[in-house]
Amino acid sequence: MKRKTHIRQTEPFRWENVPLLAYKEEDGTHFKSVTRQVLFGGGEQAGAELRYFEIAPGGHSTLERHGHVHCVMVVRGRGRALVGREIHELGQHSLVYIPPLTWHQFRATDEEALGFLCLVRRDRDRPQRPTAGELASLRADASVGAFIRV
Ligand code: MN
C-alpha cells in the first residue's frame with residue numbers, strides 16, 4: 001500500500017487515523033497520565049519513528065535509560081525533565097537531547113499538560129528501569145531525589 005504523504009490534523013494535537021495509545025503496553029505505577037501517538041511509525045524508510053507524547057497536569061513519564069537516544073521538542077505546555085543528574089525547565093519549543101544510557105524522566109507541571117515530539121531510531125533497545133542500588137545512587141543527589149517519581 002502506498003504511504004500517505006499528508007496527514008491532516010483533526011483537532012489540536014490529534015491527527016487523522018493516528019490512534020491515541022497508552023504510553024506503555026504494560027500497566028504500572030512508574031508512570032502517570034501519559035498518552036502516545038505514533039506520527040511516523042518507521043514505515044517511511046526514514047529509519048526513525050516520530051511520536052507525540054502528552055503528559056497530563058501532575059503526570060510523569062517512566063524513569064528509565066536505554067542505549068538509543070531521544071531527540072525531543074516540546075510543543076505544548078510546560079514541565080521539567082531530568083537528564084542524567086540535571087533538571088531542565090521546559091517550555092514551548094524547548095529541545096531536549098537524551099544521550100545513550102542516561103537516566104531520564106519528564107514531568108508536567110501541576111497546572112499544564114506537557115506535550116512533546118520524540119524522535120527515536122526504529123531499531124532500538126528496550127528501556128531499563130533503575131535497580132534499588134541505582135535508585136539509591138540517584139537519590140544521593142537531593143535535587144534528583146526530590147524530582148524523580150518511581
Ligand atoms: Mn526513554
# chains A, B, ... in the order shown; residues from 1 in each chain; ligands from 1
call {"tool": "closest_atom_pairs", "arguments": {"of": "chain A", "to": "ligand 1", "cutoff": "7 Å", "atoms": "only C-alpha atoms and all ligand atoms", "output": "JSON lines"}}
result
{"residue": "A:Glu64", "atom": "CA", "partner": "ligand 1", "partner_atom_place_in_ligand_line": "1 (Mn)", "distance": 5.9}
{"residue": "A:Arg65", "atom": "CA", "partner": "ligand 1", "partner_atom_place_in_ligand_line": "1 (Mn)", "distance": 5.9}
{"residue": "A:His66", "atom": "CA", "partner": "ligand 1", "partner_atom_place_in_ligand_line": "1 (Mn)", "distance": 6.7}
{"residue": "A:His70", "atom": "CA", "partner": "ligand 1", "partner_atom_place_in_ligand_line": "1 (Mn)", "distance": 6.8}
{"residue": "A:His104", "atom": "CA", "partner": "ligand 1", "partner_atom_place_in_ligand_line": "1 (Mn)", "distance": 6.7}
{"residue": "A:Pro127", "atom": "CA", "partner": "ligand 1", "partner_atom_place_in_ligand_line": "1 (Mn)", "distance": 6.3}
call {"tool": "write_last_selection", "arguments": {"atoms": "N, CA and C atoms", "output": "compact mmCIF listing (two decimals), in the first residue's frame"}}
result
# COMPACT_ATOMS: atom_id res chain seq x y z
N GLU A 64 13.84 6.03 33.30
CA GLU A 64 14.43 4.92 32.54
C GLU A 64 15.70 5.36 31.84
N ARG A 65 16.39 4.37 31.28
CA ARG A 65 17.52 4.65 30.39
C ARG A 65 17.60 3.52 29.37
N HIS A 66 18.33 3.77 28.30
CA HIS A 66 18.46 2.79 27.22
C HIS A 66 19.59 3.24 26.30
N HIS A 70 17.09 9.94 22.46
CA HIS A 70 15.85 10.66 22.18
C HIS A 70 16.20 12.08 21.76
N HIS A 104 16.47 9.34 32.50
CA HIS A 104 15.62 10.48 32.12
C HIS A 104 14.19 10.27 32.57
N PRO A 127 13.80 -0.10 27.13
CA PRO A 127 14.19 0.71 28.28
C PRO A 127 14.49 -0.14 29.50
call {"tool": "residues_around", "arguments": {"residues": "Tyr97 of chain A", "least_positions_apart": "6", "cutoff": "10 Å", "atoms": "only C-alpha atoms", "output": "compact mmCIF listing (two decimals) with C-alpha atoms, in the first residue's frame"}}
result
# COMPACT_ATOMS: atom_id res chain seq x y z
CA VAL A 69 18.88 8.37 22.07
CA HIS A 70 15.85 10.66 22.18
CA CYS A 71 15.59 13.97 20.35
CA VAL A 72 12.68 15.90 21.88
CA MET A 73 10.86 19.12 21.10
CA VAL A 83 18.54 14.16 32.05
CA CYS A 118 10.15 12.47 20.42
CA LEU A 119 12.36 11.13 17.66
call {"tool": "residues_around", "arguments": {"residues": "Gln92 of chain A", "least_positions_apart": "3", "cutoff": "10 Å", "atoms": "only C-alpha atoms", "output": "ChimeraX atom specification"}}
result
/A:73-79,95,114-116
call {"tool": "atom_distance", "arguments": {"atom1": "atom CA of Ala146 of chain A", "atom2": "atom CA of Leu63 of chain A"}}
result
13.1 Å
call {"tool": "residues_around", "arguments": {"residues": "segment 8-22 of chain A", "least_positions_apart": "6", "cutoff": "7 Å", "atoms": "only C-alpha atoms", "output": "short mmCIF file (atom, residue, chain, number, x, y, z; two decimals) with N, CA, C and O atoms, in the first residue's frame"}}
result
data_model
loop_
_atom_site.label_atom_id
_atom_site.label_comp_id
_atom_site.auth_asym_id
_atom_site.auth_seq_id
_atom_site.Cartn_x
_atom_site.Cartn_y
_atom_site.Cartn_z
N THR A 35 -0.12 9.80 27.37
CA THR A 35 -0.61 9.17 26.14
C THR A 35 0.47 9.24 25.07
O THR A 35 1.41 10.03 25.15
N ARG A 36 0.30 8.40 24.04
CA ARG A 36 1.29 8.26 22.97
C ARG A 36 0.56 8.23 21.64
O ARG A 36 -0.46 7.54 21.50
N GLN A 37 1.09 8.94 20.66
CA GLN A 37 0.60 8.84 19.29
C GLN A 37 1.82 8.66 18.39
O GLN A 37 2.78 9.43 18.51
N VAL A 38 1.78 7.67 17.54
CA VAL A 38 2.90 7.42 16.63
C VAL A 38 2.59 8.17 15.33
O VAL A 38 1.70 7.78 14.57
N LEU A 39 3.32 9.25 15.10
CA LEU A 39 3.06 10.10 13.93
C LEU A 39 3.70 9.51 12.69
O LEU A 39 3.11 9.49 11.61
#
call {"tool": "select_by_dssp", "arguments": {"residues": "segment 42-78 of chain A", "states": "strand (DSSP E)", "output": "count of residues only"}}
result
21
call {"tool": "atom_distance", "arguments": {"atom1": "atom CA of His93 of chain A", "atom2": "atom CA of Gly28 of chain A"}}
result
29.3 Å
call {"tool": "closest_residue", "arguments": {"among": "A:Ile55, A:Gly67, A:Thr62, A:Arg85", "to": "Gly145 of chain A", "atoms": "only C-alpha atoms"}}
result
A:Arg85
call {"tool": "select_by_dssp", "arguments": {"residues": "segment 97-143 of chain A", "states": "helix (DSSP H, G or I)", "output": "list of chain:residue names"}}
result
A:Ala132, A:Gly133, A:Glu134, A:Leu135, A:Ala136, A:Ser137, A:Leu138, A:Arg139, A:Ala142, A:Ser143
call {"tool": "write_last_selection", "arguments": {"atoms": "C-alpha atoms", "output": "PDB file, in the first residue's frame"}}
result
ATOM      1  CA  ALA A 132      17.348  -0.431  44.033  1.00  0.00           C
ATOM      2  CA  GLY A 133      21.064   0.364  44.077  1.00  0.00           C
ATOM      3  CA  GLU A 134      20.821   2.695  41.086  1.00  0.00           C
ATOM      4  CA  LEU A 135      17.848   4.451  42.675  1.00  0.00           C
ATOM      5  CA  ALA A 136      19.798   4.956  45.885  1.00  0.00           C
ATOM      6  CA  SER A 137      22.652   6.416  43.849  1.00  0.00           C
ATOM      7  CA  LEU A 138      20.277   8.808  42.039  1.00  0.00           C
ATOM      8  CA  ARG A 139      18.712   9.823  45.367  1.00  0.00           C
ATOM      9  CA  ALA A 142      18.915  15.705  46.811  1.00  0.00           C
ATOM     10  CA  SER A 143      17.525  17.652  43.852  1.00  0.00           C
TER      11      SER A 143
END
call {"tool": "closest_residue", "arguments": {"among": "A:Leu82, A:Ala140, A:Ile7, A:Val96", "to": "Leu117 of chain A", "atoms": "only C-alpha atoms"}}
result
A:Val96
